[in-house]
>>> print(open('query-v1.cif').read())   # mmCIF, C-alpha atoms
data_structure
loop_
_atom_site.group_PDB
_atom_site.id
_atom_site.type_symbol
_atom_site.label_atom_id
_atom_site.label_comp_id
_atom_site.auth_asym_id
_atom_site.auth_seq_id
_atom_site.Cartn_x
_atom_site.Cartn_y
_atom_site.Cartn_z
ATOM 1 C CA MET P 195 -12.146 18.559 -2.590
ATOM 2 C CA GLY P 196 -12.492 14.820 -1.986
ATOM 3 C CA LYS P 197 -11.377 12.989 1.067
ATOM 4 C CA THR P 198 -8.111 11.037 1.134
ATOM 5 C CA ALA P 199 -7.397 7.577 2.566
ATOM 6 C CA LEU P 200 -4.144 5.710 3.170
ATOM 7 C CA LEU P 201 -4.010 2.147 1.817
ATOM 8 C CA VAL P 202 -1.433 -0.117 3.479
ATOM 9 C CA ILE P 203 -1.125 -3.119 1.189
ATOM 10 C CA ASP P 204 -0.055 -6.598 2.389
ATOM 11 C CA VAL P 205 2.448 -5.653 5.107
ATOM 12 C CA GLN P 206 2.206 -9.052 6.753
ATOM 13 C CA ASN P 207 4.598 -11.105 8.881
ATOM 14 C CA ALA P 208 5.472 -13.571 6.100
ATOM 15 C CA MET P 209 7.058 -10.748 4.109
ATOM 16 C CA PHE P 210 9.730 -10.270 6.789
ATOM 17 C CA GLU P 211 10.753 -13.881 7.428
ATOM 18 C CA GLU P 212 14.506 -14.372 7.950
ATOM 19 C CA GLY P 213 15.053 -16.721 5.012
ATOM 20 C CA ASP P 214 13.710 -14.324 2.382
ATOM 21 C CA PRO P 215 12.823 -10.908 3.808
ATOM 22 C CA VAL P 216 11.407 -8.162 1.628
ATOM 23 C CA TYR P 217 14.003 -5.687 0.329
ATOM 24 C CA GLU P 218 14.834 -2.963 2.887
ATOM 25 C CA GLY P 219 12.057 -4.117 5.190
ATOM 26 C CA GLU P 220 13.062 -1.927 8.130
ATOM 27 C CA ARG P 221 13.045 1.219 5.964
ATOM 28 C CA LEU P 222 9.681 0.162 4.586
ATOM 29 C CA LEU P 223 8.196 -0.248 8.074
ATOM 30 C CA THR P 224 9.651 3.086 9.233
ATOM 31 C CA ASN P 225 8.170 4.972 6.280
ATOM 32 C CA ILE P 226 4.777 3.291 6.556
ATOM 33 C CA LYS P 227 4.691 4.069 10.286
ATOM 34 C CA GLN P 228 5.306 7.727 9.422
ATOM 35 C CA LEU P 229 2.480 7.717 6.886
ATOM 36 C CA ILE P 230 0.104 6.075 9.351
ATOM 37 C CA ALA P 231 1.012 8.612 12.056
ATOM 38 C CA LYS P 232 0.407 11.524 9.650
ATOM 39 C CA ALA P 233 -2.890 10.030 8.489
ATOM 40 C CA ARG P 234 -4.164 9.478 12.016
ATOM 41 C CA LYS P 235 -3.086 12.983 13.069
ATOM 42 C CA ASP P 236 -5.130 14.396 10.178
ATOM 43 C CA ASN P 237 -8.139 12.073 10.739
ATOM 44 C CA VAL P 238 -7.508 10.344 7.419
ATOM 45 C CA PRO P 239 -8.902 6.807 7.159
ATOM 46 C CA VAL P 240 -6.246 4.082 7.187
ATOM 47 C CA VAL P 241 -7.263 0.951 5.307
ATOM 48 C CA TYR P 242 -5.177 -2.200 5.625
ATOM 49 C CA ILE P 243 -5.238 -4.710 2.807
ATOM 50 C CA GLN P 244 -4.535 -8.276 3.939
ATOM 51 C CA HIS P 245 -3.769 -11.001 1.408
ATOM 52 C CA SER P 246 -4.470 -14.694 1.830
ATOM 53 C CA ASP P 247 -3.764 -17.668 -0.427
ATOM 54 C CA GLU P 248 -2.224 -21.144 -0.192
ATOM 55 C CA GLY P 249 1.109 -19.851 1.097
ATOM 56 C CA LEU P 250 -0.468 -17.201 3.312
ATOM 57 C CA GLU P 251 -3.248 -18.953 5.153
ATOM 58 C CA LYS P 252 -5.879 -16.830 6.844
ATOM 59 C CA GLY P 253 -5.431 -16.810 10.605
ATOM 60 C CA SER P 254 -1.801 -18.013 10.565
ATOM 61 C CA GLU P 255 1.009 -16.045 12.214
ATOM 62 C CA ALA P 256 2.542 -15.392 8.773
ATOM 63 C CA TRP P 257 -0.772 -13.903 7.566
ATOM 64 C CA LYS P 258 -1.081 -11.354 10.393
ATOM 65 C CA ILE P 259 -0.340 -7.687 9.761
ATOM 66 C CA HIS P 260 3.153 -6.782 10.989
ATOM 67 C CA ALA P 261 3.025 -5.618 14.628
ATOM 68 C CA ASP P 262 5.108 -2.490 13.932
ATOM 69 C CA ILE P 263 2.249 -1.039 11.884
ATOM 70 C CA ALA P 264 -0.679 -2.816 13.538
ATOM 71 C CA PRO P 265 -4.160 -1.476 12.823
ATOM 72 C CA ALA P 266 -5.963 0.615 15.440
ATOM 73 C CA MET P 267 -9.595 -0.052 16.350
ATOM 74 C CA MET P 268 -10.854 2.626 13.944
ATOM 75 C CA ASP P 269 -8.907 1.282 10.944
ATOM 76 C CA ALA P 270 -10.544 -0.903 8.317
ATOM 77 C CA ILE P 271 -9.076 -4.233 7.218
ATOM 78 C CA VAL P 272 -9.957 -5.525 3.758
ATOM 79 C CA HIS P 273 -9.220 -9.140 2.872
ATOM 80 C CA LYS P 274 -8.189 -10.153 -0.642
ATOM 81 C CA THR P 275 -7.003 -13.202 -2.562
ATOM 82 C CA LYS P 276 -5.767 -11.542 -5.775
ATOM 83 C CA PRO P 277 -3.197 -8.770 -6.487
ATOM 84 C CA ASP P 278 -6.023 -6.280 -7.162
ATOM 85 C CA SER P 279 -7.158 -4.893 -3.800
ATOM 86 C CA PHE P 280 -10.542 -4.025 -5.327
ATOM 87 C CA TYR P 281 -11.297 -7.407 -6.927
ATOM 88 C CA GLN P 282 -14.042 -9.250 -5.018
ATOM 89 C CA THR P 283 -13.343 -7.264 -1.838
ATOM 90 C CA THR P 284 -15.120 -4.681 0.288
ATOM 91 C CA LEU P 285 -12.542 -1.970 -0.479
ATOM 92 C CA GLU P 286 -14.661 0.176 -2.775
ATOM 93 C CA ASP P 287 -17.609 0.060 -0.355
ATOM 94 C CA GLU P 288 -15.284 1.081 2.476
ATOM 95 C CA LEU P 289 -13.913 4.019 0.487
ATOM 96 C CA LYS P 290 -17.376 5.169 -0.599
ATOM 97 C CA ARG P 291 -18.575 5.019 3.005
ATOM 98 C CA HIS P 292 -15.900 7.601 3.876
ATOM 99 C CA GLY P 293 -16.377 9.695 0.723
ATOM 100 C CA VAL P 294 -12.829 8.944 -0.413
ATOM 101 C CA GLU P 295 -11.737 10.211 -3.820
ATOM 102 C CA HIS P 296 -7.959 10.136 -3.384
ATOM 103 C CA LEU P 297 -5.721 7.271 -2.254
ATOM 104 C CA VAL P 298 -2.185 7.262 -0.895
ATOM 105 C CA LEU P 299 -0.640 3.824 -1.505
ATOM 106 C CA ALA P 300 2.096 2.056 0.447
ATOM 107 C CA GLY P 301 3.050 -1.566 1.048
ATOM 108 C CA MET P 302 4.000 -4.529 -1.049
ATOM 109 C CA GLN P 303 4.576 -6.156 -3.412
ATOM 110 C CA THR P 304 5.653 -3.340 -5.737
ATOM 111 C CA ASP P 305 5.388 -5.325 -8.959
ATOM 112 C CA LEU P 306 2.168 -7.135 -8.130
ATOM 113 C CA CYS P 307 -0.311 -5.840 -5.574
ATOM 114 C CA VAL P 308 0.879 -2.220 -5.401
ATOM 115 C CA ASP P 309 1.058 -1.895 -9.194
ATOM 116 C CA THR P 310 -2.282 -3.620 -9.812
ATOM 117 C CA THR P 311 -4.101 -1.684 -7.087
ATOM 118 C CA CYS P 312 -2.685 1.628 -8.326
ATOM 119 C CA ARG P 313 -3.801 1.050 -11.894
ATOM 120 C CA ARG P 314 -7.221 -0.267 -10.863
ATOM 121 C CA ALA P 315 -7.818 2.683 -8.538
ATOM 122 C CA VAL P 316 -7.162 5.101 -11.390
ATOM 123 C CA SER P 317 -9.481 3.108 -13.671
ATOM 124 C CA LEU P 318 -12.196 3.418 -11.031
ATOM 125 C CA GLY P 319 -11.786 7.206 -10.936
ATOM 126 C CA TYR P 320 -9.655 7.683 -7.820
ATOM 127 C CA ARG P 321 -6.769 10.111 -7.725
ATOM 128 C CA VAL P 322 -3.682 8.265 -6.478
ATOM 129 C CA THR P 323 -0.425 9.162 -4.781
ATOM 130 C CA LEU P 324 2.231 6.451 -4.503
ATOM 131 C CA ALA P 325 4.688 6.793 -1.624
ATOM 132 C CA ARG P 326 7.857 6.132 -3.656
ATOM 133 C CA ASP P 327 9.877 5.037 -0.619
ATOM 134 C CA ALA P 328 7.126 3.108 1.165
ATOM 135 C CA HIS P 329 6.676 0.096 -1.122
ATOM 136 C CA SER P 330 8.961 -2.868 -1.683
ATOM 137 C CA THR P 331 9.452 -6.269 -3.296
ATOM 138 C CA TRP P 332 12.040 -9.013 -3.841
ATOM 139 C CA ASN P 333 14.708 -9.592 -6.478
ATOM 140 C CA ASN P 334 13.538 -11.659 -9.441
ATOM 141 C CA SER P 335 15.507 -13.540 -12.099
ATOM 142 C CA ALA P 336 15.923 -10.418 -14.273
ATOM 143 C CA LEU P 337 16.005 -7.437 -11.893
ATOM 144 C CA THR P 338 17.030 -6.472 -8.384
ATOM 145 C CA ALA P 339 14.335 -5.318 -5.993
ATOM 146 C CA GLN P 340 15.701 -1.767 -6.224
ATOM 147 C CA GLN P 341 15.475 -1.854 -10.031
ATOM 148 C CA ILE P 342 11.882 -3.064 -9.800
ATOM 149 C CA ILE P 343 10.997 -0.297 -7.323
ATOM 150 C CA ASP P 344 12.711 2.373 -9.454
ATOM 151 C CA HIS P 345 11.005 1.096 -12.610
ATOM 152 C CA HIS P 346 7.561 1.162 -11.004
ATOM 153 C CA ASN P 347 8.108 4.628 -9.536
ATOM 154 C CA ASP P 348 8.886 5.751 -13.097
ATOM 155 C CA VAL P 349 6.089 3.892 -14.907
ATOM 156 C CA LEU P 350 3.356 4.535 -12.335
ATOM 157 C CA ARG P 351 3.911 8.309 -12.638
ATOM 158 C CA TRP P 352 1.527 8.015 -15.596
ATOM 159 C CA PHE P 353 -1.166 6.914 -13.137
ATOM 160 C CA ALA P 354 -0.227 8.505 -9.823
ATOM 161 C CA ALA P 355 1.617 11.353 -8.195
ATOM 162 C CA ILE P 356 4.906 9.892 -6.945
ATOM 163 C CA ARG P 357 6.093 11.391 -3.641
ATOM 164 C CA ARG P 358 8.538 10.534 -0.878
ATOM 165 C CA THR P 359 7.037 9.808 2.541
ATOM 166 C CA GLU P 360 8.336 13.082 3.945
ATOM 167 C CA GLU P 361 6.628 15.014 1.116
ATOM 168 C CA ILE P 362 3.190 13.551 1.700
ATOM 169 C CA ASP P 363 0.890 15.949 3.512
ATOM 170 C CA PHE P 364 -2.636 14.575 3.775
ATOM 171 C CA HIS P 365 -4.134 18.086 3.812
ATOM 172 C CA GLU P 366 -2.371 18.909 0.530
ATOM 173 C CA GLU P 367 -3.103 15.474 -0.956
ATOM 174 C CA ALA P 368 -6.814 16.119 -0.628
ATOM 175 C CA GLY P 369 -6.441 18.967 -3.108
ATOM 176 C CA VAL P 370 -4.272 17.086 -5.623
#
>>> encode(input="query-v1.cif", output="structure tokens")
Amino acid sequence: MGKTALLVIDVQNAMFEEGDPVYEGERLLTNIKQLIAKARKDNVPVVYIQHSDEGLEKGSEAWKIHADIAPAMMDAIVHKTKPDSFYQTTLEDELKRHGVEHLVLAGMQTDLCVDTTCRRAVSLGYRVTLARDAHSTWNNSALTAQQIIDHHNDVLRWFAAIRRTEEIDFHEEAGV
């Protein structure tokens, strides 16, 4: 049985700005807080993924991880500049250091970073569980945020186990 880790992807202040907040941001934060609490209770590594680019400049207030789910001293933070959390980052080294074989994913953006990281993790041989109610995005010109989330929960079932936050038990996930 391989060890499990929780990946919290791009839950940064900019995603909650008043002018264009992420869809159901409060629910998202509540569910991610629950996952983090469960992971810490079960001594499961929590790895934060933190994105930076032109609009999300490293070190800025907008770039910081949201205070409601702030990392603890023992948590790892991996910095990235592309939607793939593994691409040119230290993520795989971090996971190998802990003997991780299974990932539970939460965060944003559903249709970019969550999707890409999920698919890449599977390609690298990790088992993946996606917390179906702990990822979010924004409306686009064709679909509402809820439609995008629903679509990805359906499509990503080919790559990952799809579970609600309340259903995720890190002891059980290790045996998935």
>>> resolve_selection(input="query-v1.cif", expression="the PyMOL selection byres ((chain P and resi 332-336) around 6)", output="PDB file with C-alpha atoms, keeping the file's coordinate frame")
ATOM      1  CA  VAL P 216      11.407  -8.162   1.628  1.00  0.00           C
ATOM      2  CA  TYR P 217      14.003  -5.687   0.329  1.00  0.00           C
ATOM      3  CA  THR P 331       9.452  -6.269  -3.296  1.00  0.00           C
ATOM      4  CA  LEU P 337      16.005  -7.437 -11.893  1.00  0.00           C
ATOM      5  CA  THR P 338      17.030  -6.472  -8.384  1.00  0.00           C
ATOM      6  CA  ALA P 339      14.335  -5.318  -5.993  1.00  0.00           C
TER       7      ALA P 339
END
>>> atom_distance(input="query-v1.cif", atom1="atom CA of Leu318 of chain P", atom2="atom CA of Val272 of chain P")
17.4 Å
>>> closest_residue(input="query-v1.cif", among="P:Asp214, P:Arg321, P:Asp204, P:Leu222", to="Asp278 of chain P", atoms="all atoms listed in the file")
P:Asp204
>>> resolve_selection(input="query-v1.cif", expression="the PyMOL selection byres ((chain P and resi 302-312) around 6)", output="list in words")
Ile203, Asp204, Pro277, Asp278, Ser279, Gly301, Arg313, Arg314, Ala315, His329, Ser330 and Thr331 of chain P
>>> closest_residue(input="query-v1.cif", among="P:Gly319, P:Leu200, P:Leu250, P:Ala264", to="Asp236 of chain P", atoms="only C-alpha atoms")
P:Leu200
>>> residues_around(input="query-v1.cif", residues="Asp262 of chain P", least_positions_apart="3", cutoff="9 Å", atoms="all atoms listed in the file", output="NGL selection string")
:P and (223-224 or 227 or 259)
>>> closest_atom_pairs(input="query-v1.cif", of="segment 211-253 of chain P", to="segment 340-360 of chain P", cutoff="9 Å", atoms="all atoms listed in the file", output="Markdown table")
| residue | atom | partner | partner_atom | distance |
| --- | --- | --- | --- | --- |
| P:Tyr217 | CA | P:Gln340 | CA | 7.8 |
| P:Asn225 | CA | P:Thr359 | CA | 6.2 |
| P:Ile226 | CA | P:Thr359 | CA | 8.0 |
| P:Gln228 | CA | P:Thr359 | CA | 7.4 |
| P:Leu229 | CA | P:Thr359 | CA | 6.6 |
>>> write_last_selection(input="query-v1.cif", atoms="C-alpha atoms", output="PDB file, in the frame of the given file")
ATOM      1  CA  TYR P 217      14.003  -5.687   0.329  1.00  0.00           C
ATOM      2  CA  ASN P 225       8.170   4.972   6.280  1.00  0.00           C
ATOM      3  CA  ILE P 226       4.777   3.291   6.556  1.00  0.00           C
ATOM      4  CA  GLN P 228       5.306   7.727   9.422  1.00  0.00           C
ATOM      5  CA  LEU P 229       2.480   7.717   6.886  1.00  0.00           C
TER       6      LEU P 229
END
>>> atom_distance(input="query-v1.cif", atom1="atom CA of Val322 of chain P", atom2="atom CA of Leu297 of chain P")
4.8 Å
>>> closest_residue(input="query-v1.cif", among="P:Val205, P:Val294, P:Leu289, P:Val316", to="Ala261 of chain P", atoms="only C-alpha atoms")
P:Val205
>>> residues_around(input="query-v1.cif", residues="segment 255-258 of chain P", least_positions_apart="5", cutoff="7 Å", atoms="only C-alpha atoms", output="list in words")
Gln206, Asn207, Ala208, Ser246 and Leu250 of chain P
>>> closest_residue(input="query-v1.cif", among="P:Lys235, P:Val240, P:Thr323, P:Gly219", to="His296 of chain P", atoms="only C-alpha atoms")
P:Thr323
>>> residues_around(input="query-v1.cif", residues="Leu285 of chain P", least_positions_apart="4", cutoff="9 Å", atoms="all atoms listed in the file", output="PyMOL selection string")
chain P and resi 241+243+271-273+279-281+289-290
>>> axis_aligned_box(input="query-v1.cif", around="segment 261-272 of chain P", padding_each_side="4 Å", output="AutoDock Vina command-line options")
--center_x -2.9 --center_y -1.5 --center_z 10.1 --size_x 24.0 --size_y 16.2 --size_z 20.6
>>> closest_residue(input="query-v1.cif", among="P:Arg234, P:Ala270, P:Gly213, P:Leu324", to="Thr284 of chain P", atoms="all atoms listed in the file")
P:Ala270
>>> closest_residue(input="query-v1.cif", among="P:Glu212, P:Ile230, P:Arg291, P:Thr198", to="Ala328 of chain P", atoms="all atoms listed in the file")
P:Ile230
>>> atom_distance(input="query-v1.cif", atom1="atom CA of Phe364 of chain P", atom2="atom CA of Asp327 of chain P")
16.3 Å
>>> build_atoms(input="query-v1.cif", residues="segment 352-363 of chain P", atoms="all heavy atoms", output="PDB file, in the coordinates of the input")
ATOM      1  N   TRP P 352       2.579   7.771 -14.616  1.00  0.00           N
ATOM      2  CA  TRP P 352       1.527   8.015 -15.596  1.00  0.00           C
ATOM      3  C   TRP P 352       0.142   7.821 -14.979  1.00  0.00           C
ATOM      4  O   TRP P 352      -0.873   8.205 -15.558  1.00  0.00           O
ATOM      5  CB  TRP P 352       1.693   7.095 -16.810  1.00  0.00           C
ATOM      6  CG  TRP P 352       2.951   7.420 -17.549  1.00  0.00           C
ATOM      7  CD1 TRP P 352       4.130   6.740 -17.497  1.00  0.00           C
ATOM      8  CD2 TRP P 352       3.171   8.532 -18.409  1.00  0.00           C
ATOM      9  NE1 TRP P 352       5.073   7.364 -18.273  1.00  0.00           N
ATOM     10  CE2 TRP P 352       4.498   8.471 -18.864  1.00  0.00           C
ATOM     11  CE3 TRP P 352       2.366   9.593 -18.846  1.00  0.00           C
ATOM     12  CZ2 TRP P 352       5.043   9.409 -19.719  1.00  0.00           C
ATOM     13  CZ3 TRP P 352       2.912  10.525 -19.720  1.00  0.00           C
ATOM     14  CH2 TRP P 352       4.234  10.424 -20.142  1.00  0.00           C
ATOM     15  N   PHE P 353       0.097   7.203 -13.814  1.00  0.00           N
ATOM     16  CA  PHE P 353      -1.166   6.914 -13.137  1.00  0.00           C
ATOM     17  C   PHE P 353      -1.320   7.674 -11.821  1.00  0.00           C
ATOM     18  O   PHE P 353      -2.436   7.915 -11.386  1.00  0.00           O
ATOM     19  CB  PHE P 353      -1.265   5.406 -12.840  1.00  0.00           C
ATOM     20  CG  PHE P 353      -1.193   4.558 -14.067  1.00  0.00           C
ATOM     21  CD1 PHE P 353       0.020   4.076 -14.531  1.00  0.00           C
ATOM     22  CD2 PHE P 353      -2.346   4.247 -14.772  1.00  0.00           C
ATOM     23  CE1 PHE P 353       0.093   3.296 -15.678  1.00  0.00           C
ATOM     24  CE2 PHE P 353      -2.285   3.464 -15.920  1.00  0.00           C
ATOM     25  CZ  PHE P 353      -1.065   3.004 -16.372  1.00  0.00           C
ATOM     26  N   ALA P 354      -0.198   7.978 -11.185  1.00  0.00           N
ATOM     27  CA  ALA P 354      -0.227   8.505  -9.823  1.00  0.00           C
ATOM     28  C   ALA P 354       0.805   9.602  -9.637  1.00  0.00           C
ATOM     29  O   ALA P 354       1.799   9.662 -10.363  1.00  0.00           O
ATOM     30  CB  ALA P 354       0.072   7.367  -8.830  1.00  0.00           C
ATOM     31  N   ALA P 355       0.570  10.435  -8.644  1.00  0.00           N
ATOM     32  CA  ALA P 355       1.617  11.353  -8.195  1.00  0.00           C
ATOM     33  C   ALA P 355       2.605  10.501  -7.395  1.00  0.00           C
ATOM     34  O   ALA P 355       2.191   9.657  -6.595  1.00  0.00           O
ATOM     35  CB  ALA P 355       1.019  12.442  -7.313  1.00  0.00           C
ATOM     36  N   ILE P 356       3.887  10.685  -7.626  1.00  0.00           N
ATOM     37  CA  ILE P 356       4.906   9.892  -6.945  1.00  0.00           C
ATOM     38  C   ILE P 356       5.622  10.824  -5.966  1.00  0.00           C
ATOM     39  O   ILE P 356       6.244  11.802  -6.384  1.00  0.00           O
ATOM     40  CB  ILE P 356       5.915   9.297  -7.958  1.00  0.00           C
ATOM     41  CG1 ILE P 356       5.198   8.585  -9.113  1.00  0.00           C
ATOM     42  CG2 ILE P 356       6.901   8.382  -7.242  1.00  0.00           C
ATOM     43  CD1 ILE P 356       4.398   7.372  -8.729  1.00  0.00           C
ATOM     44  N   ARG P 357       5.516  10.516  -4.666  1.00  0.00           N
ATOM     45  CA  ARG P 357       6.093  11.391  -3.641  1.00  0.00           C
ATOM     46  C   ARG P 357       6.809  10.567  -2.577  1.00  0.00           C
ATOM     47  O   ARG P 357       6.388   9.456  -2.253  1.00  0.00           O
ATOM     48  CB  ARG P 357       4.995  12.202  -2.967  1.00  0.00           C
ATOM     49  CG  ARG P 357       4.253  13.097  -3.929  1.00  0.00           C
ATOM     50  CD  ARG P 357       3.877  14.406  -3.285  1.00  0.00           C
ATOM     51  NE  ARG P 357       3.362  15.325  -4.276  1.00  0.00           N
ATOM     52  CZ  ARG P 357       2.078  15.530  -4.521  1.00  0.00           C
ATOM     53  NH1 ARG P 357       1.165  14.893  -3.813  1.00  0.00           N
ATOM     54  NH2 ARG P 357       1.699  16.391  -5.438  1.00  0.00           N
ATOM     55  N   ARG P 358       7.859  11.151  -2.015  1.00  0.00           N
ATOM     56  CA  ARG P 358       8.538  10.534  -0.878  1.00  0.00           C
ATOM     57  C   ARG P 358       7.648  10.682   0.355  1.00  0.00           C
ATOM     58  O   ARG P 358       6.856  11.618   0.453  1.00  0.00           O
ATOM     59  CB  ARG P 358       9.897  11.196  -0.631  1.00  0.00           C
ATOM     60  CG  ARG P 358      10.922  10.883  -1.701  1.00  0.00           C
ATOM     61  CD  ARG P 358      12.338  11.374  -1.350  1.00  0.00           C
ATOM     62  NE  ARG P 358      12.406  12.655  -0.679  1.00  0.00           N
ATOM     63  CZ  ARG P 358      12.490  13.829  -1.292  1.00  0.00           C
ATOM     64  NH1 ARG P 358      12.511  13.903  -2.600  1.00  0.00           N
ATOM     65  NH2 ARG P 358      12.551  14.947  -0.591  1.00  0.00           N
ATOM     66  N   THR P 359       7.820   9.781   1.305  1.00  0.00           N
ATOM     67  CA  THR P 359       7.037   9.808   2.541  1.00  0.00           C
ATOM     68  C   THR P 359       7.049  11.184   3.174  1.00  0.00           C
ATOM     69  O   THR P 359       6.004  11.713   3.562  1.00  0.00           O
ATOM     70  CB  THR P 359       7.587   8.751   3.530  1.00  0.00           C
ATOM     71  OG1 THR P 359       7.377   7.454   2.958  1.00  0.00           O
ATOM     72  CG2 THR P 359       6.911   8.825   4.873  1.00  0.00           C
ATOM     73  N   GLU P 360       8.218  11.770   3.285  1.00  0.00           N
ATOM     74  CA  GLU P 360       8.336  13.082   3.945  1.00  0.00           C
ATOM     75  C   GLU P 360       7.586  14.180   3.206  1.00  0.00           C
ATOM     76  O   GLU P 360       7.226  15.197   3.796  1.00  0.00           O
ATOM     77  CB  GLU P 360       9.799  13.458   4.114  1.00  0.00           C
ATOM     78  CG  GLU P 360      10.514  13.687   2.805  1.00  0.00           C
ATOM     79  CD  GLU P 360      12.019  13.765   2.938  1.00  0.00           C
ATOM     80  OE1 GLU P 360      12.578  13.083   3.816  1.00  0.00           O
ATOM     81  OE2 GLU P 360      12.628  14.501   2.146  1.00  0.00           O
ATOM     82  N   GLU P 361       7.331  14.008   1.912  1.00  0.00           N
ATOM     83  CA  GLU P 361       6.628  15.014   1.116  1.00  0.00           C
ATOM     84  C   GLU P 361       5.110  14.891   1.195  1.00  0.00           C
ATOM     85  O   GLU P 361       4.396  15.801   0.781  1.00  0.00           O
ATOM     86  CB  GLU P 361       7.024  14.896  -0.368  1.00  0.00           C
ATOM     87  CG  GLU P 361       8.473  15.150  -0.647  1.00  0.00           C
ATOM     88  CD  GLU P 361       8.855  14.808  -2.081  1.00  0.00           C
ATOM     89  OE1 GLU P 361       8.267  13.876  -2.675  1.00  0.00           O
ATOM     90  OE2 GLU P 361       9.748  15.484  -2.599  1.00  0.00           O
ATOM     91  N   ILE P 362       4.634  13.771   1.689  1.00  0.00           N
ATOM     92  CA  ILE P 362       3.190  13.551   1.700  1.00  0.00           C
ATOM     93  C   ILE P 362       2.563  14.273   2.887  1.00  0.00           C
ATOM     94  O   ILE P 362       2.909  14.050   4.035  1.00  0.00           O
ATOM     95  CB  ILE P 362       2.859  12.045   1.714  1.00  0.00           C
ATOM     96  CG1 ILE P 362       3.313  11.432   0.382  1.00  0.00           C
ATOM     97  CG2 ILE P 362       1.361  11.814   1.954  1.00  0.00           C
ATOM     98  CD1 ILE P 362       3.186   9.939   0.300  1.00  0.00           C
ATOM     99  N   ASP P 363       1.657  15.174   2.538  1.00  0.00           N
ATOM    100  CA  ASP P 363       0.890  15.949   3.512  1.00  0.00           C
ATOM    101  C   ASP P 363      -0.574  15.661   3.190  1.00  0.00           C
ATOM    102  O   ASP P 363      -1.050  16.017   2.111  1.00  0.00           O
ATOM    103  CB  ASP P 363       1.221  17.435   3.355  1.00  0.00           C
ATOM    104  CG  ASP P 363       0.422  18.312   4.289  1.00  0.00           C
ATOM    105  OD1 ASP P 363      -0.757  17.990   4.594  1.00  0.00           O
ATOM    106  OD2 ASP P 363       0.969  19.346   4.716  1.00  0.00           O
TER     107      ASP P 363
END
